[in-house]
$ cat run_24.cif   # mmCIF, C-alpha atoms
data_target
#
loop_
_atom_site.label_atom_id
_atom_site.label_comp_id
_atom_site.auth_asym_id
_atom_site.auth_seq_id
_atom_site.Cartn_x
_atom_site.Cartn_y
_atom_site.Cartn_z
CA MET A 1 129.02 109.26 68.00
CA LYS A 2 125.67 110.80 67.17
CA GLU A 3 122.81 110.44 69.62
CA THR A 4 119.23 109.76 68.71
CA ASN A 5 116.20 110.50 70.87
CA ARG A 6 115.26 106.86 71.14
CA THR A 7 118.50 105.40 72.39
CA PRO A 8 119.39 105.66 76.08
CA VAL A 9 123.01 106.75 76.30
CA MET A 10 125.28 106.71 79.33
CA HIS A 11 127.09 109.98 79.90
CA GLU A 12 129.80 110.94 82.29
CA THR A 13 128.90 114.09 84.24
CA ASN A 14 131.30 115.00 87.01
CA GLY A 15 132.40 111.38 87.00
CA THR A 16 128.85 110.13 87.66
CA PRO A 17 127.17 108.06 84.95
CA VAL A 18 123.77 109.56 84.08
CA MET A 19 121.18 107.68 82.10
CA HIS A 20 119.14 109.65 79.64
CA GLU A 21 115.54 108.78 78.80
CA THR A 22 113.39 110.00 81.74
CA LYS A 23 116.44 109.67 84.03
CA GLY A 24 116.10 105.88 83.79
CA ALA A 25 112.68 105.80 85.47
CA ILE A 26 110.76 102.61 84.72
CA LYS A 27 107.35 103.45 83.29
CA LYS A 28 106.15 100.08 82.12
CA MET A 29 107.16 96.43 82.59
CA MET A 30 106.44 93.97 79.79
CA ILE A 31 106.67 90.52 81.36
CA ILE A 32 106.80 87.41 79.18
CA LEU A 33 105.91 84.18 80.96
CA SER A 34 106.94 81.09 79.02
CA LYS A 35 106.89 78.50 81.80
CA GLY A 36 104.05 76.77 83.63
CA THR A 37 105.87 75.72 86.79
CA LEU A 38 104.45 77.28 89.93
CA GLU A 39 107.65 79.03 91.00
CA ASN A 40 108.01 80.76 87.62
CA VAL A 41 104.35 81.76 87.49
CA TYR A 42 104.61 83.27 90.97
CA ALA A 43 107.79 85.13 90.04
CA ALA A 44 106.02 86.70 87.07
CA PHE A 45 102.90 87.56 89.09
CA VAL A 46 104.82 89.11 91.99
CA LEU A 47 106.87 91.23 89.59
CA ALA A 48 103.77 92.41 87.70
CA ASN A 49 101.86 93.20 90.89
CA GLY A 50 104.91 94.84 92.46
CA ALA A 51 105.21 97.11 89.44
CA ARG A 52 101.59 98.24 89.74
CA MET A 53 102.05 98.87 93.47
CA GLU A 54 104.85 101.29 92.58
CA GLY A 55 102.68 103.04 90.03
CA ILE A 56 104.47 101.35 87.11
CA GLU A 57 102.31 99.98 84.30
CA ALA A 58 102.53 96.24 83.68
CA GLU A 59 101.54 93.96 80.83
CA MET A 60 102.02 90.19 80.62
CA PHE A 61 102.45 87.95 77.58
CA PHE A 62 101.64 84.30 78.23
CA THR A 63 103.36 81.96 75.81
CA PHE A 64 104.00 78.22 75.55
CA PHE A 65 103.59 76.56 78.95
CA GLY A 66 103.11 79.97 80.53
CA LEU A 67 99.66 79.89 78.94
CA GLU A 68 98.62 77.34 81.56
CA ALA A 69 98.67 80.14 84.13
CA VAL A 70 95.63 81.67 82.41
CA HIS A 71 93.95 78.42 81.35
CA LYS A 72 90.86 78.07 83.57
CA LYS A 73 91.07 74.29 83.97
CA LYS A 74 94.84 74.16 84.44
CA LEU A 75 95.71 77.21 86.50
CA GLU A 76 94.69 75.60 89.79
CA HIS A 77 96.84 72.55 89.16
CA LEU A 78 100.24 74.08 88.55
CA HIS A 79 103.14 72.35 90.28
CA ILE A 80 106.64 73.27 91.29
CA ALA A 81 109.39 71.33 89.52
CA THR A 82 111.03 68.67 91.70
CA VAL A 83 113.14 67.24 88.88
CA GLY A 84 115.87 69.30 87.23
CA ASN A 85 115.62 71.88 90.00
CA PRO A 86 118.85 71.81 92.04
CA ALA A 87 117.43 74.33 94.53
CA MET A 88 114.97 71.66 95.71
CA HIS A 89 117.98 69.87 97.29
CA MET A 90 116.37 66.56 96.47
CA PRO A 91 117.95 63.64 94.58
CA THR A 92 116.66 63.63 91.00
CA MET A 93 115.50 60.00 91.31
CA LEU A 94 113.44 60.90 94.38
CA GLY A 95 111.95 63.97 92.73
CA GLY A 96 110.67 61.76 89.92
CA LEU A 97 108.63 59.47 92.19
CA PRO A 98 104.84 59.58 91.72
CA GLY A 99 103.17 62.22 93.89
CA MET A 100 106.41 64.01 94.69
CA GLU A 101 105.56 67.18 92.79
CA ALA A 102 102.12 67.33 94.42
CA LEU A 103 103.66 66.87 97.87
CA ALA A 104 106.32 69.52 97.35
CA THR A 105 103.70 71.86 95.90
CA SER A 106 101.33 71.50 98.83
CA MET A 107 104.19 72.08 101.27
CA MET A 108 105.22 75.21 99.43
CA LYS A 109 101.63 76.49 99.25
CA LYS A 110 101.42 76.30 103.05
CA GLU A 111 104.54 78.44 103.34
CA MET A 112 103.20 80.86 100.76
CA GLU A 113 99.98 81.39 102.69
CA LYS A 114 102.09 82.29 105.74
CA VAL A 115 103.69 85.19 103.83
CA ASP A 116 100.28 86.31 102.56
CA MET A 117 100.92 85.02 99.04
CA PRO A 118 97.57 84.40 97.31
CA GLU A 119 96.82 81.24 95.34
CA ILE A 120 96.86 81.51 91.54
CA PRO A 121 93.12 82.22 90.94
CA GLU A 122 93.05 84.97 93.59
CA PHE A 123 96.37 86.37 92.36
CA LEU A 124 94.96 86.64 88.81
CA ASP A 125 91.99 88.59 90.18
CA ILE A 126 94.35 90.93 92.06
CA LEU A 127 96.42 91.52 88.91
CA SER A 128 93.34 92.14 86.83
CA ALA A 129 91.84 94.58 89.39
CA SER A 130 95.21 96.35 89.60
CA GLY A 131 95.12 97.08 85.87
CA VAL A 132 97.69 94.55 84.64
CA LYS A 133 97.01 93.82 80.97
CA MET A 134 97.19 90.15 80.05
CA TRP A 135 97.84 88.84 76.56
CA ALA A 136 97.79 85.25 75.31
CA CYS A 137 100.33 84.32 72.63
CA LYS A 138 98.45 83.42 69.44
CA LEU A 139 101.01 80.90 68.24
CA ALA A 140 101.01 78.91 71.49
CA PHE A 141 97.24 79.26 71.79
CA ASP A 142 96.79 77.69 68.34
CA MET A 143 99.44 75.05 68.95
CA PHE A 144 97.74 73.80 72.13
CA HIS A 145 94.31 73.94 70.42
CA TYR A 146 92.92 76.18 73.16
CA LYS A 147 89.61 78.00 72.80
CA LYS A 148 88.90 81.55 73.89
CA GLU A 149 86.49 80.30 76.57
CA ASP A 150 89.33 78.21 78.08
CA LEU A 151 91.09 81.39 79.14
CA TYR A 152 90.72 83.35 82.38
CA GLU A 153 88.24 86.24 81.91
CA GLY A 154 90.87 88.87 82.72
CA VAL A 155 92.87 88.05 79.57
CA ASN A 156 92.62 91.10 77.32
CA GLY A 157 93.22 89.34 74.02
CA ILE A 158 95.11 86.82 71.92
CA ILE A 159 97.92 88.56 70.08
CA THR A 160 101.04 87.93 67.99
CA VAL A 161 104.63 88.59 68.99
CA GLY A 162 104.56 91.57 66.67
CA ASP A 163 101.52 93.01 68.45
CA PHE A 164 103.31 92.60 71.78
CA TYR A 165 106.39 94.46 70.52
CA LYS A 166 104.12 97.23 69.25
CA LYS A 167 102.59 97.54 72.74
CA SER A 168 106.11 97.76 74.18
CA GLU A 169 106.99 100.97 72.35
CA GLY A 170 107.81 104.09 74.32
CA GLU A 171 110.29 105.51 76.78
CA GLY A 172 110.96 103.77 80.07
CA VAL A 173 109.57 100.43 78.93
CA HIS A 174 111.41 97.33 80.11
CA MET A 175 110.96 93.75 78.98
CA LEU A 176 111.44 90.68 81.10
CA PHE A 177 111.46 87.02 80.01
CA ILE A 178 110.61 84.32 82.49
CA MET B 1 114.05 115.83 108.59
CA GLU B 2 111.77 118.75 109.43
CA LYS B 3 109.08 119.90 107.04
CA THR B 4 106.53 122.69 107.33
CA ILE B 5 103.12 121.72 106.10
CA ALA B 6 99.66 123.22 106.76
CA GLY B 7 101.38 125.78 108.97
CA LYS B 8 102.83 123.08 111.16
CA SER B 9 106.30 121.64 111.57
CA ILE B 10 106.42 117.85 111.14
CA THR B 11 109.20 115.28 111.07
CA VAL B 12 109.39 113.05 107.99
CA ASN B 13 111.82 110.42 106.72
CA GLU B 14 113.77 110.72 103.45
CA GLU B 15 110.74 109.43 101.51
CA GLY B 16 108.39 111.97 103.07
CA TYR B 17 106.60 109.65 105.52
CA LEU B 18 105.75 111.01 108.97
CA THR B 19 107.93 109.46 111.65
CA ASP B 20 105.66 110.50 114.53
CA PHE B 21 101.94 109.90 114.06
CA SER B 22 101.08 112.27 116.93
CA GLN B 23 102.07 115.13 114.59
CA TRP B 24 99.38 114.11 112.12
CA ASP B 25 95.99 115.80 111.91
CA GLU B 26 93.40 116.10 109.14
CA LYS B 27 94.89 119.37 107.91
CA VAL B 28 98.29 117.68 107.54
CA GLY B 29 96.56 114.82 105.70
CA GLU B 30 94.88 117.23 103.32
CA ALA B 31 98.14 119.06 102.61
CA LEU B 32 99.99 115.76 101.99
CA ALA B 33 97.16 114.67 99.67
CA SER B 34 97.38 117.87 97.66
CA GLU B 35 101.14 117.28 97.29
CA ALA B 36 100.13 113.97 95.68
CA ASN B 37 97.57 115.81 93.52
CA ILE B 38 94.64 114.20 95.29
CA ALA B 39 91.58 116.11 96.52
CA LEU B 40 90.22 114.15 99.47
CA SER B 41 86.55 113.13 99.34
CA PRO B 42 84.57 111.46 102.16
CA ARG B 43 85.35 108.14 100.44
CA HIS B 44 89.10 108.84 100.65
CA TRP B 45 88.72 109.60 104.36
CA GLU B 46 86.94 106.29 105.00
CA VAL B 47 89.92 104.45 103.48
CA LEU B 48 92.49 106.60 105.31
CA LYS B 49 90.80 106.01 108.69
CA TYR B 50 90.69 102.30 107.93
CA LEU B 51 94.43 102.26 107.17
CA GLN B 52 95.24 104.18 110.37
CA ASN B 53 93.15 101.74 112.35
CA GLU B 54 94.88 98.73 110.81
CA GLN B 55 98.23 100.31 111.59
CA LYS B 56 97.11 100.88 115.20
CA ASN B 57 96.22 97.18 115.43
CA GLN B 58 99.64 96.34 113.95
CA VAL B 59 98.22 94.62 110.89
CA ALA B 60 100.75 94.34 108.04
CA LEU B 61 99.21 96.23 105.14
CA SER B 62 99.22 94.75 101.64
CA ILE B 63 97.18 95.13 98.47
CA ARG B 64 95.71 91.70 99.16
CA ARG B 65 94.54 92.79 102.64
CA ILE B 66 92.96 95.93 101.20
CA GLY B 67 91.07 93.77 98.71
CA LYS B 68 89.75 91.66 101.56
CA SER B 69 88.91 94.65 103.79
CA GLY B 70 85.24 94.68 102.77
CA LEU B 71 85.58 98.48 102.62
CA VAL B 72 87.21 99.08 99.28
CA ASP B 73 88.13 96.76 96.41
CA ILE B 74 91.52 96.84 94.70
CA LYS B 75 90.24 98.57 91.58
CA GLU B 76 88.69 101.43 93.54
CA PHE B 77 91.78 101.69 95.76
CA TYR B 78 93.91 102.31 92.65
CA GLN B 79 91.37 104.89 91.45
CA LEU B 80 91.29 106.74 94.77
CA PHE B 81 95.05 106.95 95.33
CA PRO B 82 96.84 106.81 91.98
CA PRO B 83 99.32 105.76 90.82
CA ALA B 84 100.83 103.75 93.72
CA PRO B 85 97.84 103.45 96.11
CA LEU B 86 99.39 101.71 99.12
CA LYS B 87 102.39 104.04 99.18
CA THR B 88 100.35 107.17 98.50
CA ALA B 89 97.54 106.42 100.95
CA THR B 90 99.83 105.50 103.83
CA LYS B 91 101.85 108.67 103.33
CA ILE B 92 98.69 110.82 103.48
CA ALA B 93 97.47 108.84 106.51
CA GLY B 94 100.71 109.63 108.33
CA ILE B 95 101.65 105.98 108.86
CA PRO B 96 104.81 104.10 107.77
CA LYS B 97 105.24 102.82 104.21
CA PRO B 98 104.28 99.13 104.19
CA ALA B 99 107.18 96.78 103.50
CA SER B 100 105.03 94.50 101.38
CA CYS B 101 105.64 92.90 97.98
CA ILE B 102 102.04 91.81 97.49
#
$ encode --input "run_24.cif" --output "structure tokens"
Amino acid sequence: MKETNRTPVMHETNGTPVMHETKGAIKKMMIILSKGTLENVYAAFVLANGARMEGIEAEMFFTFFGLEAVHKKKLEHLHIATVGNPAMHMPTMLGGLPGMEALATSMMKKEMEKVDMPEIPEFLDILSASGVKMWACKLAFDMFHYKKEDLYEGVNGIITVGDFYKKSEGEGVHMLFI
Amino acid sequence: MEKTIAGKSITVNEEGYLTDFSQWDEKVGEALASEANIALSPRHWEVLKYLQNEQKNQVALSIRRIGKSGLVDIKEFYQLFPPAPLKTATKIAGIPKPASCI
């Protein structure tokens, strides 16, 4: 089979698989956040920040409910999901009671503070200062009738899926969907 | 493992971090910085001394803590010690690599 420069190919060398393309080093993480539940937003933020800490570039694409993480009025009111989340170990009926999400969220926030996990507004500032590029999905932005001034100041722009793919070109770029 | 740097023999772990801070001096710091392609300015030294002091007081280092230090903000920290500031700066300062995800 013929190789091209662009395609990473696994080779057997002395029985050890070797990955071409900068020896498999990760140069940039493209993280797509499509959900607005607190646990998913935190997962995306920790992964983006962790990349920057390792000297890896990071860009984030906020789409659908993930857009709430960069919506100024909504980002402080994100909740964890108590319904449809088996890891909560809570009966579904109970999780659906009024106030349950708020209670579970405040309990989790206390635990997060103990492990030095910042709240969402502070975390956004850390990401922005660390050089994480943030992009809002144009389609979702239009669908939710958001305005530019609704978005967190650190958002670099409102772009299409095509624009995001264009920004993802290059060797050592990895894409992650949350 | 043993490593000779700035005319001195030091012990480092497999990632190049000093395992015994008593072997560290400013000359070692400068040599480690030049290995990371960083020329140390007085501003770098302020941050390095701060990190060593935090380590001495057994404070767990993280990017968030650095941002709250009142000494340097996160943006400048990345500019001073690119591309992985916490890892790079602690290595130059002769202190252990922080086991932090934030």
$ closest_atom_pairs --input "run_24.cif" --of "chain A" --to "chain B" --cutoff "8 Å" --atoms "all atoms listed in the file" --output "Markdown table"
| residue | atom | partner | partner_atom | distance |
| --- | --- | --- | --- | --- |
| A:Val46 | CA | B:Ile102 | CA | 6.7 |
| A:Asn49 | CA | B:Ile102 | CA | 6.7 |
| A:Gly50 | CA | B:Cys101 | CA | 5.9 |
| A:Arg52 | CA | B:Ala84 | CA | 6.8 |
| A:Met53 | CA | B:Ala84 | CA | 5.0 |
| A:Glu54 | CA | B:Ala84 | CA | 4.8 |
| A:Gly55 | CA | B:Ala84 | CA | 4.2 |
| A:Ile56 | CA | B:Pro83 | CA | 7.7 |
| A:Asp116 | CA | B:Ile102 | CA | 7.7 |
| A:Met117 | CA | B:Ile102 | CA | 7.1 |
| A:Pro118 | CA | B:Arg64 | CA | 7.8 |
| A:Ile126 | CA | B:Ile74 | CA | 7.1 |
| A:Ala129 | CA | B:Lys75 | CA | 4.8 |
| A:Ser130 | CA | B:Lys75 | CA | 5.8 |
| A:Gly131 | CA | B:Lys75 | CA | 7.7 |
$ atom_distance --input "run_24.cif" --atom1 "CA of Trp24 in chain B" --atom2 "CA of Gly70 in chain B"
25.8 Å
$ closest_residue --input "run_24.cif" --among "B:Lys49, B:Asp25, B:Val59, B:Ile92" --to "Asn37 in chain B" --atoms "all atoms listed in the file"
B:Ile92
$ axis_aligned_box --input "run_24.cif" --around "range 38-46 of chain B" --padding-each-side "5 Å" --output "JSON"
{"center_x": 89.6, "center_y": 111.2, "center_z": 100.1, "size_x": 20.1, "size_y": 19.8, "size_z": 19.7}
$ atom_distance --input "run_24.cif" --atom1 "CA of Ile80 in chain A" --atom2 "CA of Leu38 in chain A"
4.8 Å
$ closest_residue --input "run_24.cif" --among "A:His174, A:Lys167, A:Lys35, A:His71" --to "Ala51 in chain A" --atoms "all atoms listed in the file"
A:His174
$ decode --input "run_24.cif" --residues "range 40-68 of chain B" --atoms "N, CA and C atoms" --output "PDB file, in the first residue's frame"
ATOM      1  N   LEU B  40      17.379  33.663  31.565  1.00  0.00           N
ATOM      2  CA  LEU B  40      16.715  34.146  32.777  1.00  0.00           C
ATOM      3  C   LEU B  40      16.928  35.639  33.008  1.00  0.00           C
ATOM      4  N   SER B  41      15.807  36.356  33.184  1.00  0.00           N
ATOM      5  CA  SER B  41      15.840  37.786  33.496  1.00  0.00           C
ATOM      6  C   SER B  41      15.517  37.931  34.983  1.00  0.00           C
ATOM      7  N   PRO B  42      15.683  39.146  35.553  1.00  0.00           N
ATOM      8  CA  PRO B  42      15.305  39.333  36.962  1.00  0.00           C
ATOM      9  C   PRO B  42      13.853  38.921  37.235  1.00  0.00           C
ATOM     10  N   ARG B  43      12.986  39.126  36.239  1.00  0.00           N
ATOM     11  CA  ARG B  43      11.571  38.756  36.388  1.00  0.00           C
ATOM     12  C   ARG B  43      11.421  37.229  36.534  1.00  0.00           C
ATOM     13  N   HIS B  44      12.181  36.489  35.722  1.00  0.00           N
ATOM     14  CA  HIS B  44      12.170  35.023  35.847  1.00  0.00           C
ATOM     15  C   HIS B  44      12.578  34.623  37.263  1.00  0.00           C
ATOM     16  N   TRP B  45      13.639  35.268  37.763  1.00  0.00           N
ATOM     17  CA  TRP B  45      14.154  34.895  39.088  1.00  0.00           C
ATOM     18  C   TRP B  45      13.129  35.144  40.189  1.00  0.00           C
ATOM     19  N   GLU B  46      12.369  36.250  40.053  1.00  0.00           N
ATOM     20  CA  GLU B  46      11.322  36.531  41.048  1.00  0.00           C
ATOM     21  C   GLU B  46      10.350  35.352  41.118  1.00  0.00           C
ATOM     22  N   VAL B  47       9.946  34.871  39.928  1.00  0.00           N
ATOM     23  CA  VAL B  47       8.975  33.771  39.873  1.00  0.00           C
ATOM     24  C   VAL B  47       9.604  32.482  40.412  1.00  0.00           C
ATOM     25  N   LEU B  48      10.851  32.222  40.041  1.00  0.00           N
ATOM     26  CA  LEU B  48      11.525  30.995  40.495  1.00  0.00           C
ATOM     27  C   LEU B  48      11.666  30.975  42.023  1.00  0.00           C
ATOM     28  N   LYS B  49      12.036  32.130  42.597  1.00  0.00           N
ATOM     29  CA  LYS B  49      12.177  32.204  44.061  1.00  0.00           C
ATOM     30  C   LYS B  49      10.818  31.989  44.738  1.00  0.00           C
ATOM     31  N   TYR B  50       9.784  32.553  44.106  1.00  0.00           N
ATOM     32  CA  TYR B  50       8.437  32.373  44.638  1.00  0.00           C
ATOM     33  C   TYR B  50       8.064  30.882  44.662  1.00  0.00           C
ATOM     34  N   LEU B  51       8.344  30.193  43.551  1.00  0.00           N
ATOM     35  CA  LEU B  51       8.014  28.764  43.450  1.00  0.00           C
ATOM     36  C   LEU B  51       8.784  27.955  44.500  1.00  0.00           C
ATOM     37  N   GLN B  52      10.065  28.279  44.664  1.00  0.00           N
ATOM     38  CA  GLN B  52      10.878  27.552  45.656  1.00  0.00           C
ATOM     39  C   GLN B  52      10.336  27.773  47.059  1.00  0.00           C
ATOM     40  N   ASN B  53       9.874  29.005  47.299  1.00  0.00           N
ATOM     41  CA  ASN B  53       9.331  29.321  48.611  1.00  0.00           C
ATOM     42  C   ASN B  53       8.024  28.574  48.878  1.00  0.00           C
ATOM     43  N   GLU B  54       7.178  28.510  47.855  1.00  0.00           N
ATOM     44  CA  GLU B  54       5.918  27.776  47.976  1.00  0.00           C
ATOM     45  C   GLU B  54       6.194  26.298  48.253  1.00  0.00           C
ATOM     46  N   GLN B  55       7.178  25.780  47.537  1.00  0.00           N
ATOM     47  CA  GLN B  55       7.546  24.374  47.719  1.00  0.00           C
ATOM     48  C   GLN B  55       8.022  24.137  49.152  1.00  0.00           C
ATOM     49  N   LYS B  56       8.820  25.100  49.662  1.00  0.00           N
ATOM     50  CA  LYS B  56       9.350  24.988  51.033  1.00  0.00           C
ATOM     51  C   LYS B  56       8.199  24.965  52.049  1.00  0.00           C
ATOM     52  N   ASN B  57       7.151  25.754  51.733  1.00  0.00           N
ATOM     53  CA  ASN B  57       5.984  25.800  52.624  1.00  0.00           C
ATOM     54  C   ASN B  57       4.977  24.705  52.310  1.00  0.00           C
ATOM     55  N   GLN B  58       5.385  23.770  51.456  1.00  0.00           N
ATOM     56  CA  GLN B  58       4.565  22.602  51.087  1.00  0.00           C
ATOM     57  C   GLN B  58       3.210  22.965  50.511  1.00  0.00           C
ATOM     58  N   VAL B  59       3.181  24.032  49.710  1.00  0.00           N
ATOM     59  CA  VAL B  59       1.961  24.411  49.010  1.00  0.00           C
ATOM     60  C   VAL B  59       1.926  23.633  47.687  1.00  0.00           C
ATOM     61  N   ALA B  60       0.763  23.022  47.394  1.00  0.00           N
ATOM     62  CA  ALA B  60       0.634  22.293  46.123  1.00  0.00           C
ATOM     63  C   ALA B  60       0.523  23.313  44.995  1.00  0.00           C
ATOM     64  N   LEU B  61       1.458  23.253  44.063  1.00  0.00           N
ATOM     65  CA  LEU B  61       1.484  24.245  42.987  1.00  0.00           C
ATOM     66  C   LEU B  61       0.511  23.896  41.880  1.00  0.00           C
ATOM     67  N   SER B  62      -0.213  24.897  41.384  1.00  0.00           N
ATOM     68  CA  SER B  62      -1.098  24.703  40.236  1.00  0.00           C
ATOM     69  C   SER B  62      -1.152  26.019  39.471  1.00  0.00           C
ATOM     70  N   ILE B  63      -1.617  25.952  38.241  1.00  0.00           N
ATOM     71  CA  ILE B  63      -1.754  27.166  37.429  1.00  0.00           C
ATOM     72  C   ILE B  63      -2.684  28.152  38.141  1.00  0.00           C
ATOM     73  N   ARG B  64      -3.742  27.616  38.751  1.00  0.00           N
ATOM     74  CA  ARG B  64      -4.689  28.485  39.439  1.00  0.00           C
ATOM     75  C   ARG B  64      -4.004  29.256  40.570  1.00  0.00           C
ATOM     76  N   ARG B  65      -3.166  28.542  41.357  1.00  0.00           N
ATOM     77  CA  ARG B  65      -2.430  29.177  42.458  1.00  0.00           C
ATOM     78  C   ARG B  65      -1.501  30.273  41.950  1.00  0.00           C
ATOM     79  N   ILE B  66      -0.832  29.984  40.846  1.00  0.00           N
ATOM     80  CA  ILE B  66       0.084  30.971  40.258  1.00  0.00           C
ATOM     81  C   ILE B  66      -0.699  32.234  39.913  1.00  0.00           C
ATOM     82  N   GLY B  67      -1.886  32.030  39.321  1.00  0.00           N
ATOM     83  CA  GLY B  67      -2.726  33.161  38.930  1.00  0.00           C
ATOM     84  C   GLY B  67      -3.155  34.000  40.116  1.00  0.00           C
ATOM     85  N   LYS B  68      -3.259  33.347  41.281  1.00  0.00           N
ATOM     86  CA  LYS B  68      -3.691  34.055  42.485  1.00  0.00           C
ATOM     87  C   LYS B  68      -2.508  34.526  43.327  1.00  0.00           C
TER      88      LYS B  68
END
